[in-house]
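Novice: Take a look at data_38.cif, mmCIF, C-alpha atoms:
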data_structure
#
loop_
_atom_site.group_PDB
_atom_site.id
_atom_site.type_symbol
_atom_site.label_atom_id
_atom_site.label_comp_id
_atom_site.auth_asym_id
_atom_site.auth_seq_id
_atom_site.Cartn_x
_atom_site.Cartn_y
_atom_site.Cartn_z
ATOM 1 C CA TYR I 1 -23.599 232.377 91.622
ATOM 2 C CA GLY I 2 -23.421 230.827 88.188
ATOM 3 C CA SER I 3 -25.173 227.773 86.938
ATOM 4 C CA ILE I 4 -23.546 224.869 88.782
ATOM 5 C CA PRO I 5 -24.359 221.405 87.439
ATOM 6 C CA CYS I 6 -25.938 219.116 89.990
ATOM 7 C CA ILE I 7 -23.482 216.392 90.934
ATOM 8 C CA THR I 8 -25.594 214.796 93.610
ATOM 9 C CA VAL I 9 -29.246 214.003 93.348
ATOM 10 C CA ASP I 10 -31.793 214.818 96.014
ATOM 11 C CA PRO I 11 -32.562 211.508 97.826
ATOM 12 C CA MET I 12 -36.291 211.774 97.093
ATOM 13 C CA LEU I 13 -35.652 212.338 93.361
ATOM 14 C CA ALA I 14 -33.084 209.533 93.356
ATOM 15 C CA ARG I 15 -35.728 207.149 94.715
ATOM 16 C CA MET I 16 -37.979 208.256 91.853
ATOM 17 C CA GLY I 17 -35.207 207.380 89.373
ATOM 18 C CA MET I 18 -33.389 210.664 88.697
ATOM 19 C CA LYS I 19 -29.855 210.001 87.483
ATOM 20 C CA PRO I 20 -26.769 211.972 88.567
ATOM 21 C CA GLY I 21 -26.049 214.760 86.074
ATOM 22 C CA GLU I 22 -29.570 214.629 84.638
ATOM 23 C CA SER I 23 -31.398 217.962 84.509
ATOM 24 C CA PHE I 24 -34.750 218.201 86.192
ATOM 25 C CA ALA I 25 -36.363 218.960 82.811
ATOM 26 C CA GLU I 26 -34.905 215.764 81.318
ATOM 27 C CA PHE I 27 -36.022 213.808 84.366
ATOM 28 C CA LYS I 28 -39.599 215.114 84.112
ATOM 29 C CA VAL I 29 -39.886 214.136 80.447
ATOM 30 C CA ARG I 30 -38.373 210.696 81.125
ATOM 31 C CA LEU I 31 -40.981 210.022 83.828
ATOM 32 C CA VAL I 32 -43.808 210.006 81.285
ATOM 33 C CA GLU I 33 -42.033 209.006 78.078
ATOM 34 C CA PRO I 34 -43.221 205.995 76.086
ATOM 35 C CA GLY I 35 -42.198 202.762 77.771
ATOM 36 C CA SER I 36 -41.960 204.296 81.254
ATOM 37 C CA THR I 37 -43.804 202.672 84.143
ATOM 38 C CA PHE I 38 -46.228 205.607 84.062
ATOM 39 C CA ASP I 39 -46.935 204.983 80.362
ATOM 40 C CA VAL I 40 -47.363 201.218 80.818
ATOM 41 C CA VAL I 41 -49.803 201.697 83.724
ATOM 42 C CA PHE I 42 -51.993 204.064 81.733
ATOM 43 C CA LEU I 43 -51.827 201.975 78.559
ATOM 44 C CA THR I 44 -53.055 199.053 80.655
ATOM 45 C CA LEU I 45 -55.883 201.207 82.000
ATOM 46 C CA VAL I 46 -56.794 202.202 78.430
ATOM 47 C CA GLY I 47 -56.979 198.522 77.450
ATOM 48 C CA VAL I 48 -59.069 197.532 80.462
ATOM 49 C CA ASN I 49 -61.332 200.544 79.931
ATOM 50 C CA GLY I 50 -61.825 199.483 76.319
ATOM 51 C CA LEU I 51 -62.981 196.047 77.467
ATOM 52 C CA PHE I 52 -65.503 197.605 79.835
ATOM 53 C CA VAL I 53 -66.743 199.978 77.117
ATOM 54 C CA ALA I 54 -67.263 196.964 74.858
ATOM 55 C CA LEU I 55 -69.288 195.277 77.608
ATOM 56 C CA SER I 56 -71.552 198.296 78.000
ATOM 57 C CA GLY I 57 -73.261 197.943 74.655
ATOM 58 C CA PRO I 58 -76.560 199.585 73.714
ATOM 59 C CA GLY I 59 -78.519 196.401 74.487
ATOM 60 C CA LEU I 60 -77.605 196.558 78.171
ATOM 61 C CA ASP I 61 -80.493 197.428 80.513
ATOM 62 C CA PRO I 62 -79.477 200.810 82.027
ATOM 63 C CA VAL I 63 -80.850 199.891 85.475
ATOM 64 C CA SER I 64 -79.226 196.452 85.663
ATOM 65 C CA SER I 65 -76.526 195.865 88.247
ATOM 66 C CA THR I 66 -74.038 195.305 85.414
ATOM 67 C CA ALA I 67 -74.815 198.699 83.864
ATOM 68 C CA VAL I 68 -74.606 200.454 87.239
ATOM 69 C CA THR I 69 -71.242 198.786 87.964
ATOM 70 C CA LEU I 70 -69.898 199.680 84.509
ATOM 71 C CA ASP I 71 -71.028 203.307 84.990
ATOM 72 C CA MET I 72 -69.240 203.425 88.347
ATOM 73 C CA LEU I 73 -66.092 201.966 86.792
ATOM 74 C CA GLU I 74 -66.290 204.482 83.947
ATOM 75 C CA GLY I 75 -66.302 207.267 86.529
ATOM 76 C CA MET I 76 -63.211 205.758 88.148
ATOM 77 C CA PHE I 77 -61.445 205.479 84.785
ATOM 78 C CA THR I 78 -62.312 209.104 84.018
ATOM 79 C CA ILE I 79 -60.779 210.171 87.336
ATOM 80 C CA ALA I 80 -57.640 208.120 86.579
ATOM 81 C CA PHE I 81 -57.314 209.625 83.088
ATOM 82 C CA SER I 82 -57.864 213.105 84.558
ATOM 83 C CA LEU I 83 -54.959 212.464 86.929
ATOM 84 C CA GLU I 84 -52.856 211.270 83.985
ATOM 85 C CA PHE I 85 -53.667 214.501 82.138
ATOM 86 C CA LEU I 86 -52.803 216.659 85.148
ATOM 87 C CA ALA I 87 -49.524 214.791 85.733
ATOM 88 C CA LYS I 88 -48.469 215.078 82.091
ATOM 89 C CA VAL I 89 -49.365 218.770 81.819
ATOM 90 C CA THR I 90 -47.550 219.466 85.084
ATOM 91 C CA LEU I 91 -44.437 217.551 84.026
ATOM 92 C CA LEU I 92 -44.334 218.399 80.312
ATOM 93 C CA GLY I 93 -46.005 221.788 80.142
ATOM 94 C CA VAL I 94 -48.969 222.707 78.002
ATOM 95 C CA VAL I 95 -47.591 223.734 74.608
ATOM 96 C CA VAL I 96 -44.390 225.819 74.892
ATOM 97 C CA ASN I 97 -41.648 223.147 74.776
ATOM 98 C CA LYS I 98 -41.133 220.618 71.977
ATOM 99 C CA SER I 99 -42.085 217.828 74.412
ATOM 100 C CA SER I 100 -45.165 219.661 75.751
ATOM 101 C CA TYR I 101 -48.441 217.814 76.244
ATOM 102 C CA PHE I 102 -50.403 219.269 73.321
ATOM 103 C CA ARG I 103 -47.549 218.794 70.834
ATOM 104 C CA ASP I 104 -48.260 215.032 70.786
ATOM 105 C CA ARG I 105 -51.303 214.095 68.686
ATOM 106 C CA TRP I 106 -52.072 211.093 70.906
ATOM 107 C CA ASN I 107 -52.265 213.422 73.896
ATOM 108 C CA VAL I 108 -54.640 215.688 71.973
ATOM 109 C CA LEU I 109 -56.848 212.661 71.242
ATOM 110 C CA ASP I 110 -56.695 211.636 74.912
ATOM 111 C CA PHE I 111 -57.694 215.169 75.926
ATOM 112 C CA VAL I 112 -60.698 215.188 73.568
ATOM 113 C CA VAL I 113 -61.800 211.785 74.915
ATOM 114 C CA LEU I 114 -61.278 212.989 78.490
ATOM 115 C CA VAL I 115 -63.375 216.129 77.976
ATOM 116 C CA ALA I 116 -66.139 214.098 76.289
ATOM 117 C CA SER I 117 -66.030 211.544 79.140
ATOM 118 C CA ILE I 118 -66.260 214.253 81.784
ATOM 119 C CA LEU I 119 -69.176 215.877 79.954
ATOM 120 C CA ALA I 120 -70.917 212.502 79.648
ATOM 121 C CA LEU I 121 -70.564 211.953 83.408
ATOM 122 C CA VAL I 122 -71.327 215.455 84.626
ATOM 123 C CA VAL I 123 -73.966 216.549 82.150
ATOM 124 C CA PRO I 124 -75.288 213.454 80.352
ATOM 125 C CA ALA I 125 -78.205 215.442 78.906
ATOM 126 C CA ALA I 126 -75.742 217.824 77.214
ATOM 127 C CA LEU I 127 -74.615 215.014 74.933
ATOM 128 C CA GLY I 128 -78.135 213.755 74.358
ATOM 129 C CA SER I 129 -78.168 210.878 71.925
ATOM 130 C CA SER I 130 -74.479 211.286 71.121
ATOM 131 C CA GLY I 131 -73.488 209.045 74.046
ATOM 132 C CA GLY I 132 -72.481 206.537 71.378
ATOM 133 C CA VAL I 133 -69.951 209.079 70.129
ATOM 134 C CA VAL I 134 -68.329 209.102 73.580
ATOM 135 C CA ARG I 135 -68.190 205.276 73.551
ATOM 136 C CA LEU I 136 -66.599 205.381 70.090
ATOM 137 C CA LEU I 137 -64.019 207.947 71.229
ATOM 138 C CA ARG I 138 -63.152 205.774 74.227
ATOM 139 C CA LEU I 139 -62.615 202.804 71.920
ATOM 140 C CA VAL I 140 -60.500 204.927 69.550
ATOM 141 C CA ARG I 141 -58.223 205.615 72.523
ATOM 142 C CA GLY I 142 -57.487 201.882 72.415
ATOM 143 C CA VAL I 143 -55.762 202.374 69.056
ATOM 144 C CA ARG I 144 -52.973 203.937 71.112
ATOM 145 C CA VAL I 145 -52.464 200.587 72.825
ATOM 146 C CA LEU I 146 -52.301 198.801 69.461
ATOM 147 C CA ARG I 147 -49.757 201.328 68.201
ATOM 148 C CA LYS I 148 -47.496 200.755 71.217
ATOM 149 C CA LEU I 149 -47.788 196.948 71.161
ATOM 150 C CA PRO I 150 -47.071 195.714 67.616
ATOM 151 C CA TYR I 151 -47.632 192.046 68.471
ATOM 152 C CA LEU I 152 -51.171 192.945 69.575
ATOM 153 C CA LYS I 153 -51.731 194.663 66.223
ATOM 154 C CA THR I 154 -50.677 191.459 64.410
ATOM 155 C CA THR I 155 -52.971 189.370 66.617
ATOM 156 C CA MET I 156 -55.922 191.692 65.953
ATOM 157 C CA ALA I 157 -55.259 191.600 62.184
ATOM 158 C CA THR I 158 -55.224 187.783 62.301
ATOM 159 C CA ILE I 159 -58.501 187.679 64.239
ATOM 160 C CA MET I 160 -60.135 190.130 61.802
ATOM 161 C CA LYS I 161 -59.091 188.022 58.770
ATOM 162 C CA SER I 162 -60.505 184.787 60.209
#
Please, can you express the file's structure as structure tokens?
Specialist:
Amino acid sequence: YGSIPCITVDPMLARMGMKPGESFAEFKVRLVEPGSTFDVVFLTLVGVNGLFVALSGPGLDPVSSTAVTLDMLEGMFTIAFSLEFLAKVTLLGVVVNKSSYFRDRWNVLDFVVLVASILALVVPAALGSSGGVVRLLRLVRGVRVLRKLPYLKTTMATIMKS
């Protein structure tokens, strides 16, 4: 019973995009690599979340329907980003391999933002007046979107100069 290369692909994995001859480890990394559908979906969520964070400025009445809706949406985004974290750690590993989750600085930033977001939702008093720090961290996550979409970076630079 030696190591026999897989010539056929399990039908379920084939539907998910696994290629014949591809190792499962290569397939797992490819699922979440930059430019994958997974990556594009979560980059879009980061961008949309950034817009909502911008809408929830300090001048917003905390009991208004807008503030309540934005808080609810923030909870939903936090759940989505938690699922992204769990999927990436499950597929890539924590730190052992060269492609592990915590070996990518952007993932480390995402993890810090995620932990701060969870703390802000679960124990808002624990962060006290540093809720603005959490908002800032969430906006910093948007830099990841700018890094991945160079034309957006050029557009933002043009807007800033005008």
Novice: Val112 of chain I: which residues within 12 Å, counting all atoms listed in the file, same-chain residues fewer than 2 positions away excluded, as a ChimeraX atom specification?
Specialist: /I:81-82,85,102,105-110,114-119,133-134,136-138,140-141
Novice: I need the chosen residues saved as a CSV table (one decimal), keeping the file's coordinate frame, with C-alpha atoms.
Specialist:
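Output file part_29.csv is given in full below:
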chain,number,residue,atom,x,y,z
I,81,PHE,CA,-57.3,209.6,83.1
I,82,SER,CA,-57.9,213.1,84.6
I,85,PHE,CA,-53.7,214.5,82.1
I,102,PHE,CA,-50.4,219.3,73.3
I,105,ARG,CA,-51.3,214.1,68.7
I,106,TRP,CA,-52.1,211.1,70.9
I,107,ASN,CA,-52.3,213.4,73.9
I,108,VAL,CA,-54.6,215.7,72.0
I,109,LEU,CA,-56.8,212.7,71.2
I,110,ASP,CA,-56.7,211.6,74.9
I,114,LEU,CA,-61.3,213.0,78.5
I,115,VAL,CA,-63.4,216.1,78.0
I,116,ALA,CA,-66.1,214.1,76.3
I,117,SER,CA,-66.0,211.5,79.1
I,118,ILE,CA,-66.3,214.3,81.8
I,119,LEU,CA,-69.2,215.9,80.0
I,133,VAL,CA,-70.0,209.1,70.1
I,134,VAL,CA,-68.3,209.1,73.6
I,136,LEU,CA,-66.6,205.4,70.1
I,137,LEU,CA,-64.0,207.9,71.2
I,138,ARG,CA,-63.2,205.8,74.2
I,140,VAL,CA,-60.5,204.9,69.6
I,141,ARG,CA,-58.2,205.6,72.5
Novice: Evaluate the PyMOL selection byres ((chain I and resi 73) around 12) against this structure - the residues, as a count of residues only, please.
Specialist: 24
Novice: Quote the spacing between atom CA of Leu31 of chain I and atom CA of Leu91 of chain I in Å to one decimal place.
Specialist: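 Between these atoms lies a distance of 8.3 Å.
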Novice: Enter the distance from atom CA of Glu26 of chain I to atom CA of Lys88 of chain I, in Å, rounded to one decimal.
Specialist: 13.6 Å
Novice: Take atom CA of Glu84 of chain I and atom CA of Phe111 of chain I and report the distance between them in Å, one decimal.
Specialist: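 Between atom CA of Glu84 of chain I and atom CA of Phe111 of chain I the gap works out to 10.2 Å.
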Novice: May I ask which of the residues I:Leu139, I:Val113, I:Ala25, I:Gly35 is the closest one to Ser99 of chain I, counting all atoms listed in the file?
Specialist: I:Ala25
Novice: I need the residue nearest Lys98 of chain I from this list: I:Val29, I:Leu60, I:Val46, I:Met18. Use only C-alpha atoms for the distance.
Specialist: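 Smallest separation from Lys98 of chain I among the options: I:Val29.
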Novice: With distances taken over only C-alpha atoms, which of I:Ser64, I:Leu43, I:Val122, I:Thr158 is nearest to Val143 of chain I?
Specialist: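 Comparing I:Ser64, I:Leu43, I:Val122, I:Thr158 against Val143 of chain I, the winner is I:Leu43.
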Novice: Got a sec to check which residues sit within 12 Å of (-38.8, 221.6, 90.0), counting all atoms listed in the file, and write them as a PyMOL selection string?
Specialist: chain I and resi 10+13+23-28+90-92
Novice: What does the file look like for those residues with C-alpha atoms, as a PDB file, keeping the file's coordinate frame?
Specialist:
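As a result, selection06.pdb now contains:
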ATOM      1  CA  ASP I  10     -31.793 214.818  96.014  1.00  0.00           C
ATOM      2  CA  LEU I  13     -35.652 212.338  93.361  1.00  0.00           C
ATOM      3  CA  SER I  23     -31.398 217.962  84.509  1.00  0.00           C
ATOM      4  CA  PHE I  24     -34.750 218.201  86.192  1.00  0.00           C
ATOM      5  CA  ALA I  25     -36.363 218.960  82.811  1.00  0.00           C
ATOM      6  CA  GLU I  26     -34.905 215.764  81.318  1.00  0.00           C
ATOM      7  CA  PHE I  27     -36.022 213.808  84.366  1.00  0.00           C
ATOM      8  CA  LYS I  28     -39.599 215.114  84.112  1.00  0.00           C
ATOM      9  CA  THR I  90     -47.550 219.466  85.084  1.00  0.00           C
ATOM     10  CA  LEU I  91     -44.437 217.551  84.026  1.00  0.00           C
ATOM     11  CA  LEU I  92     -44.334 218.399  80.312  1.00  0.00           C
TER      12      LEU I  92
END
Novice: Missing atoms in segment 113-124 of chain I: fill them in up to all heavy atoms and send the result as a PDB file, in the frame of the given file.
Specialist:
ATOM      1  N   VAL I 113     -61.049 212.887  74.299  1.00  0.00           N
ATOM      2  CA  VAL I 113     -61.800 211.785  74.915  1.00  0.00           C
ATOM      3  C   VAL I 113     -62.083 212.099  76.383  1.00  0.00           C
ATOM      4  O   VAL I 113     -63.193 211.867  76.876  1.00  0.00           O
ATOM      5  CB  VAL I 113     -61.039 210.445  74.784  1.00  0.00           C
ATOM      6  CG1 VAL I 113     -61.744 209.338  75.549  1.00  0.00           C
ATOM      7  CG2 VAL I 113     -60.898 210.066  73.315  1.00  0.00           C
ATOM      8  N   LEU I 114     -61.104 212.653  77.078  1.00  0.00           N
ATOM      9  CA  LEU I 114     -61.278 212.989  78.490  1.00  0.00           C
ATOM     10  C   LEU I 114     -62.380 214.029  78.674  1.00  0.00           C
ATOM     11  O   LEU I 114     -63.264 213.876  79.522  1.00  0.00           O
ATOM     12  CB  LEU I 114     -59.966 213.494  79.091  1.00  0.00           C
ATOM     13  CG  LEU I 114     -60.021 213.928  80.548  1.00  0.00           C
ATOM     14  CD1 LEU I 114     -60.378 212.744  81.450  1.00  0.00           C
ATOM     15  CD2 LEU I 114     -58.689 214.534  80.966  1.00  0.00           C
ATOM     16  N   VAL I 115     -62.345 215.086  77.871  1.00  0.00           N
ATOM     17  CA  VAL I 115     -63.375 216.129  77.976  1.00  0.00           C
ATOM     18  C   VAL I 115     -64.755 215.548  77.670  1.00  0.00           C
ATOM     19  O   VAL I 115     -65.727 215.809  78.382  1.00  0.00           O
ATOM     20  CB  VAL I 115     -63.052 217.326  77.050  1.00  0.00           C
ATOM     21  CG1 VAL I 115     -64.227 218.286  76.946  1.00  0.00           C
ATOM     22  CG2 VAL I 115     -61.810 218.057  77.556  1.00  0.00           C
ATOM     23  N   ALA I 116     -64.849 214.721  76.627  1.00  0.00           N
ATOM     24  CA  ALA I 116     -66.139 214.098  76.289  1.00  0.00           C
ATOM     25  C   ALA I 116     -66.603 213.179  77.418  1.00  0.00           C
ATOM     26  O   ALA I 116     -67.792 213.151  77.751  1.00  0.00           O
ATOM     27  CB  ALA I 116     -66.014 213.310  74.985  1.00  0.00           C
ATOM     28  N   SER I 117     -65.677 212.439  78.035  1.00  0.00           N
ATOM     29  CA  SER I 117     -66.030 211.544  79.140  1.00  0.00           C
ATOM     30  C   SER I 117     -66.520 212.326  80.354  1.00  0.00           C
ATOM     31  O   SER I 117     -67.493 211.934  80.994  1.00  0.00           O
ATOM     32  CB  SER I 117     -64.822 210.686  79.542  1.00  0.00           C
ATOM     33  OG  SER I 117     -64.432 209.867  78.481  1.00  0.00           O
ATOM     34  N   ILE I 118     -65.838 213.417  80.652  1.00  0.00           N
ATOM     35  CA  ILE I 118     -66.260 214.253  81.784  1.00  0.00           C
ATOM     36  C   ILE I 118     -67.642 214.838  81.515  1.00  0.00           C
ATOM     37  O   ILE I 118     -68.514 214.823  82.387  1.00  0.00           O
ATOM     38  CB  ILE I 118     -65.227 215.359  82.076  1.00  0.00           C
ATOM     39  CG1 ILE I 118     -63.945 214.728  82.635  1.00  0.00           C
ATOM     40  CG2 ILE I 118     -65.779 216.399  83.043  1.00  0.00           C
ATOM     41  CD1 ILE I 118     -62.773 215.682  82.749  1.00  0.00           C
ATOM     42  N   LEU I 119     -67.859 215.336  80.305  1.00  0.00           N
ATOM     43  CA  LEU I 119     -69.176 215.877  79.954  1.00  0.00           C
ATOM     44  C   LEU I 119     -70.252 214.804  80.054  1.00  0.00           C
ATOM     45  O   LEU I 119     -71.352 215.062  80.544  1.00  0.00           O
ATOM     46  CB  LEU I 119     -69.161 216.461  78.538  1.00  0.00           C
ATOM     47  CG  LEU I 119     -68.497 217.810  78.379  1.00  0.00           C
ATOM     48  CD1 LEU I 119     -68.440 218.206  76.899  1.00  0.00           C
ATOM     49  CD2 LEU I 119     -69.220 218.879  79.185  1.00  0.00           C
ATOM     50  N   ALA I 120     -69.934 213.592  79.596  1.00  0.00           N
ATOM     51  CA  ALA I 120     -70.917 212.502  79.648  1.00  0.00           C
ATOM     52  C   ALA I 120     -71.268 212.146  81.090  1.00  0.00           C
ATOM     53  O   ALA I 120     -72.400 211.754  81.370  1.00  0.00           O
ATOM     54  CB  ALA I 120     -70.391 211.273  78.922  1.00  0.00           C
ATOM     55  N   LEU I 121     -70.305 212.268  82.003  1.00  0.00           N
ATOM     56  CA  LEU I 121     -70.564 211.953  83.408  1.00  0.00           C
ATOM     57  C   LEU I 121     -71.268 213.084  84.146  1.00  0.00           C
ATOM     58  O   LEU I 121     -72.184 212.854  84.921  1.00  0.00           O
ATOM     59  CB  LEU I 121     -69.250 211.629  84.132  1.00  0.00           C
ATOM     60  CG  LEU I 121     -68.584 210.324  83.757  1.00  0.00           C
ATOM     61  CD1 LEU I 121     -67.231 210.216  84.437  1.00  0.00           C
ATOM     62  CD2 LEU I 121     -69.449 209.128  84.123  1.00  0.00           C
ATOM     63  N   VAL I 122     -70.816 214.308  83.882  1.00  0.00           N
ATOM     64  CA  VAL I 122     -71.327 215.455  84.626  1.00  0.00           C
ATOM     65  C   VAL I 122     -72.655 215.943  84.085  1.00  0.00           C
ATOM     66  O   VAL I 122     -73.575 216.242  84.843  1.00  0.00           O
ATOM     67  CB  VAL I 122     -70.289 216.605  84.630  1.00  0.00           C
ATOM     68  CG1 VAL I 122     -70.835 217.838  85.299  1.00  0.00           C
ATOM     69  CG2 VAL I 122     -69.019 216.146  85.303  1.00  0.00           C
ATOM     70  N   VAL I 123     -72.755 216.022  82.771  1.00  0.00           N
ATOM     71  CA  VAL I 123     -73.966 216.549  82.150  1.00  0.00           C
ATOM     72  C   VAL I 123     -74.410 215.606  81.039  1.00  0.00           C
ATOM     73  O   VAL I 123     -74.278 215.918  79.869  1.00  0.00           O
ATOM     74  CB  VAL I 123     -73.716 217.956  81.562  1.00  0.00           C
ATOM     75  CG1 VAL I 123     -75.014 218.645  81.191  1.00  0.00           C
ATOM     76  CG2 VAL I 123     -72.899 218.824  82.482  1.00  0.00           C
ATOM     77  N   PRO I 124     -74.930 214.424  81.393  1.00  0.00           N
ATOM     78  CA  PRO I 124     -75.288 213.454  80.352  1.00  0.00           C
ATOM     79  C   PRO I 124     -76.302 214.000  79.353  1.00  0.00           C
ATOM     80  O   PRO I 124     -76.262 213.667  78.179  1.00  0.00           O
ATOM     81  CB  PRO I 124     -75.866 212.272  81.121  1.00  0.00           C
ATOM     82  CG  PRO I 124     -75.797 212.599  82.552  1.00  0.00           C
ATOM     83  CD  PRO I 124     -75.221 213.958  82.717  1.00  0.00           C
TER      84      PRO I 124
END
